[in-house]
There are 2 protein chains.
Amino acid sequence: MAKTKKILKWQRDPEGMRLRILEAAKQEFAAHGLAGARVDRIAAKAGANKRMLYYHVGNKEDLYLAVLEGAYEKIRAEERGLDLEHLDPPDAIERLIDFTWNYFIRNPEFLALLNTENLARAKHLKRSTKVKSMHSPFVEMIRTVVTRGVESGDFVVAVDPVQLYISIAALCFFYLSNSATLSVIFGRDLLAKEAKDERLAHMVALVRAALTGKSIASFGKGKPARARAAAKQPA
Amino acid sequence: MAKTKKILKWQRDPEGMRLRILEAAKQEFAAHGLAGARVDRIAAKAGANKRMLYYHVGNKEDLYLAVLEGAYEKIRAEERGLDLEHLDPPDAIERLIDFTWNYFIRNPEFLALLNTENLARAKHLKRSTKVKSMHSPFVEMIRTVVTRGVESGDFVVAVDPVQLYISIAALCFFYLSNSATLSVIFGRDLLAKEAKDERLAHMVALVRAALTGKSIASFGKGKPARARAAAKQPA
DNA sequence: ACAGTATTTATCCAACGGGTTAATTTGTCG
DNA sequence: CGACAAATTAACCCGTTGGATAAATACTGT
């Protein structure tokens, strides 16, 4: 319904315009929140006139909801391509962590948008019909991995897939979303490449150890983080 | 310097006024963010006149920073009283999780304030001298626990205390801070008492298992969450 | 080419919000 | 009591902002 070829090509690009507006709005809302966002700035950034926002999308809140829905759709779509079924459970979990982490890094606006929406206590999301539907498949995907892991003996416990996903998202989300304040507080640049690598290793080790009962080497210690041999270490 | 007895007691309560303003501002900033907060509402909520905010604290941003600093001071102060030194390491960690979790539940504004500040990329926090100093002792407290745990053999790995704390905070913070959107998405009321109990059990189990290598029974399954026997289960 | 419609622009405005000015009240001290 | 300062209030200022109006412009089917 979106990009049917036979769409009329107006002056510039009527469909492209809407996309540019949504993209600009995403940046703006992510950078300043809902209240802090400026409609004029969105228009300017989209190379459009303010009136066009109202023409193409609606008022500020409609625009915001459209951006939010788009953001959810995007991440859930990518997750659908994860293909965890073909991996053995521990690797599947690791892959899920890896994906989530890198998705958040690649799409920092997503984090900000979620925070903004939670500040509004999901007021807008509740009114969205689109969003609610697209999550059960994802939960089922994780549930399958967990079940398989328990059956194969790889996992020592049968975690609630929702809890597990929330935990994985939490570990990634909080670190990145709060990296600014945490960096100040702890006096480290948490966004430096080394720090990020270390963090990913730590998260994978934490979750894998908890699920499999086998503690992984290098639990948040040292830079390399991937190739390590020992299972324990001196001090 | 604050509450010297010989302070003159003006009309109502000059010192109390400042506190009421800060409290009202905390609520307002937490509820609406920095941009969404309204100075008039803060004044009204504090039972004061708008002009008095400027008289007692300064402009909107000064007020905001004062609130933020106060929030950090409060949690760090309570953490100082945790007394983890006298517990054996696994219990100390559990206590830290328990405290963090309940502190966040008791002080939801704290979460919102942090999100707000991170939206501003810690712009204000960076200018604060007070805040930076009060965190190293806290990190050292955790480091001691970890070291003791490794030495005693309770912990199988020597985690970086900063990573560990970030992870613990993450597990608690994300769940609560994002409970609104997550509840919509997963179609559960994550703030219901049962759900919260389950979450706490899950987090404790996750971290304990990762640190000690011994998986805890009932990993985010079932309501009681504390007393459980089996380590595995059928399907 | 013409009528009709979709899209875009230029312009305006009423409400709002942060901040300030100046007057007023309330207490302290000699 | 009377002067002086601290604290509080009321009223206003002025740039900003979301949103609206109406006119112009570009495309389409006939």
# chains A, B, ... in the order shown; residues from 1 in each chain; ligands from 1
>>> calpha_fit_rmsd(fixed="chain B", moving="chain A")
0.6 Å
>>> residues_around(residues="A:Phe104", least_positions_apart="2", cutoff="10 Å", atoms="only C-alpha atoms (C1' of nucleotides)", output="CSV table (one decimal) with N, CA and C atoms, in the first residue's frame")
chain,number,residue,atom,x,y,z
A,75,ILE,N,12.2,-2.4,14.0
A,75,ILE,CA,13.0,-3.4,14.8
A,75,ILE,C,12.4,-4.7,14.8
A,99,PHE,N,22.4,-9.1,18.3
A,99,PHE,CA,21.6,-8.3,17.4
A,99,PHE,C,21.0,-7.1,18.2
A,100,THR,N,20.4,-7.3,19.3
A,100,THR,CA,19.7,-6.3,20.1
A,100,THR,C,20.7,-5.1,20.4
A,101,TRP,N,21.9,-5.5,20.9
A,101,TRP,CA,22.9,-4.6,21.2
A,101,TRP,C,23.3,-3.7,20.0
A,102,ASN,N,23.5,-4.4,18.9
A,102,ASN,CA,23.9,-3.6,17.7
A,102,ASN,C,22.8,-2.8,17.0
A,106,ARG,N,23.0,1.1,16.4
A,106,ARG,CA,22.8,1.6,15.0
A,106,ARG,C,21.6,2.6,15.0
A,107,ASN,N,20.7,2.4,16.0
A,107,ASN,CA,19.4,3.2,16.0
A,107,ASN,C,19.2,3.9,17.3
A,108,PRO,N,20.1,4.8,17.6
A,108,PRO,CA,19.9,5.5,18.9
A,108,PRO,C,18.6,6.2,19.1
A,109,GLU,N,18.0,6.6,18.0
A,109,GLU,CA,16.8,7.4,18.2
A,109,GLU,C,15.7,6.5,18.7
A,110,PHE,N,15.8,5.2,18.4
A,110,PHE,CA,14.8,4.2,18.9
A,110,PHE,C,14.8,4.3,20.5
A,111,LEU,N,15.9,4.3,21.1
A,111,LEU,CA,16.0,4.3,22.5
A,111,LEU,C,15.3,5.6,23.0
A,169,ALA,N,17.1,-7.0,26.7
A,169,ALA,CA,16.9,-5.6,26.2
A,169,ALA,C,17.4,-4.6,27.3
A,172,CYS,N,21.2,-4.1,27.4
A,172,CYS,CA,21.7,-3.3,26.3
A,172,CYS,C,21.1,-1.9,26.4
A,173,PHE,N,19.9,-1.8,26.6
A,173,PHE,CA,19.2,-0.5,26.5
A,173,PHE,C,19.7,0.5,27.6
A,176,LEU,N,23.2,1.9,27.0
A,176,LEU,CA,23.3,2.9,25.9
A,176,LEU,C,22.5,4.1,26.1
A,177,SER,N,21.3,3.9,26.6
A,177,SER,CA,20.4,5.0,26.8
A,177,SER,C,20.9,6.0,27.9
>>> atom_distance(atom1="atom CA of B:Lys50", atom2="atom CA of B:Gly36")
16.5 Å
>>> closest_atom_pairs(of="chain B", to="chain A", cutoff="6 Å", atoms="only C-alpha atoms", output="JSON lines")
{"residue": "B:Ala35", "atom": "CA", "partner": "A:Gly36", "partner_atom": "CA", "distance": 5.0}
{"residue": "B:Gly36", "atom": "CA", "partner": "A:Ala35", "partner_atom": "CA", "distance": 5.0}
{"residue": "B:Asn118", "atom": "CA", "partner": "A:Asn178", "partner_atom": "CA", "distance": 5.7}
{"residue": "B:Arg121", "atom": "CA", "partner": "A:Ala180", "partner_atom": "CA", "distance": 5.2}
{"residue": "B:Ala122", "atom": "CA", "partner": "A:Thr181", "partner_atom": "CA", "distance": 5.2}
{"residue": "B:Lys132", "atom": "CA", "partner": "A:Ile185", "partner_atom": "CA", "distance": 5.4}
{"residue": "B:Val159", "atom": "CA", "partner": "A:Gly220", "partner_atom": "CA", "distance": 5.6}
{"residue": "B:Asp160", "atom": "CA", "partner": "A:Gly220", "partner_atom": "CA", "distance": 5.9}
{"residue": "B:Ser167", "atom": "CA", "partner": "A:Leu171", "partner_atom": "CA", "distance": 5.8}
{"residue": "B:Ala170", "atom": "CA", "partner": "A:Phe174", "partner_atom": "CA", "distance": 5.1}
{"residue": "B:Leu171", "atom": "CA", "partner": "A:Ala170", "partner_atom": "CA", "distance": 5.4}
{"residue": "B:Phe174", "atom": "CA", "partner": "A:Ala170", "partner_atom": "CA", "distance": 5.1}
{"residue": "B:Asn178", "atom": "CA", "partner": "A:Asn118", "partner_atom": "CA", "distance": 5.7}
{"residue": "B:Ala180", "atom": "CA", "partner": "A:Arg121", "partner_atom": "CA", "distance": 5.2}
{"residue": "B:Thr181", "atom": "CA", "partner": "A:Ala122", "partner_atom": "CA", "distance": 5.2}
{"residue": "B:Ile185", "atom": "CA", "partner": "A:Lys132", "partner_atom": "CA", "distance": 5.4}
{"residue": "B:Leu206", "atom": "CA", "partner": "A:Ala210", "partner_atom": "CA", "distance": 5.4}
{"residue": "B:Ala209", "atom": "CA", "partner": "A:Ala210", "partner_atom": "CA", "distance": 4.9}
{"residue": "B:Ala210", "atom": "CA", "partner": "A:Ala210", "partner_atom": "CA", "distance": 4.5}
{"residue": "B:Gly213", "atom": "CA", "partner": "A:Gly213", "partner_atom": "CA", "distance": 5.5}
{"residue": "B:Ser215", "atom": "CA", "partner": "A:Gly213", "partner_atom": "CA", "distance": 5.7}
{"residue": "B:Phe219", "atom": "CA", "partner": "A:Val159", "partner_atom": "CA", "distance": 5.6}
{"residue": "B:Gly220", "atom": "CA", "partner": "A:Val159", "partner_atom": "CA", "distance": 5.7}
{"residue": "B:Lys232", "atom": "CA", "partner": "A:Val157", "partner_atom": "CA", "distance": 5.7}
>>> write_last_selection(atoms="C-alpha atoms", output="PDB file, in the first residue's frame")
ATOM      1  CA  ALA B  35      10.899  20.910  28.108  1.00  0.00           C
ATOM      2  CA  GLY B  36       7.435  19.742  29.112  1.00  0.00           C
ATOM      3  CA  ASN B 118      20.153  11.479  29.276  1.00  0.00           C
ATOM      4  CA  ARG B 121      23.096  13.990  26.958  1.00  0.00           C
ATOM      5  CA  ALA B 122      24.028  14.825  30.532  1.00  0.00           C
ATOM      6  CA  LYS B 132      31.011  13.468  40.199  1.00  0.00           C
ATOM      7  CA  VAL B 159      33.538  -9.120  37.304  1.00  0.00           C
ATOM      8  CA  ASP B 160      34.289  -5.499  36.742  1.00  0.00           C
ATOM      9  CA  SER B 167      23.847  -4.595  34.836  1.00  0.00           C
ATOM     10  CA  ALA B 170      19.814  -1.997  34.083  1.00  0.00           C
ATOM     11  CA  LEU B 171      17.691  -4.996  34.992  1.00  0.00           C
ATOM     12  CA  PHE B 174      14.592  -0.765  32.302  1.00  0.00           C
ATOM     13  CA  ASN B 178       9.677   1.130  30.447  1.00  0.00           C
ATOM     14  CA  ALA B 180       4.275   1.401  30.384  1.00  0.00           C
ATOM     15  CA  THR B 181       5.302   0.473  26.856  1.00  0.00           C
ATOM     16  CA  ILE B 185       3.483  -4.627  24.000  1.00  0.00           C
ATOM     17  CA  LEU B 206      19.961 -14.344  36.835  1.00  0.00           C
ATOM     18  CA  ALA B 209      23.564 -17.818  38.794  1.00  0.00           C
ATOM     19  CA  ALA B 210      25.983 -15.916  36.618  1.00  0.00           C
ATOM     20  CA  GLY B 213      27.838 -20.654  38.594  1.00  0.00           C
ATOM     21  CA  SER B 215      21.763 -21.952  38.950  1.00  0.00           C
ATOM     22  CA  PHE B 219      14.286 -18.938  37.384  1.00  0.00           C
ATOM     23  CA  GLY B 220      11.515 -16.492  36.770  1.00  0.00           C
ATOM     24  CA  LYS B 232      14.677 -28.631  35.964  1.00  0.00           C
TER      25      LYS B 232
END
>>> residues_around(residues="C:DC2", least_positions_apart="3", cutoff="12 Å", atoms="only C-alpha atoms (C1' of nucleotides)", output="PyMOL selection string")
chain D and resi 28-30
>>> write_last_selection(atoms="C-alpha atoms (C1' of nucleotides)", output="mmCIF file, in the first residue's frame")
data_model
loop_
_atom_site.group_PDB
_atom_site.id
_atom_site.type_symbol
_atom_site.label_atom_id
_atom_site.label_comp_id
_atom_site.auth_asym_id
_atom_site.auth_seq_id
_atom_site.Cartn_x
_atom_site.Cartn_y
_atom_site.Cartn_z
ATOM 1 C "C1'" DT D 28 -3.961 14.347 -14.239
ATOM 2 C "C1'" DG D 29 -7.624 12.725 -17.048
ATOM 3 C "C1'" DT D 30 -10.406 14.056 -20.740
#
>>> residues_around(residues="B:Ala24", least_positions_apart="5", cutoff="6 Å", atoms="only C-alpha atoms (C1' of nucleotides)", output="ChimeraX atom specification")
/B:42,45-46
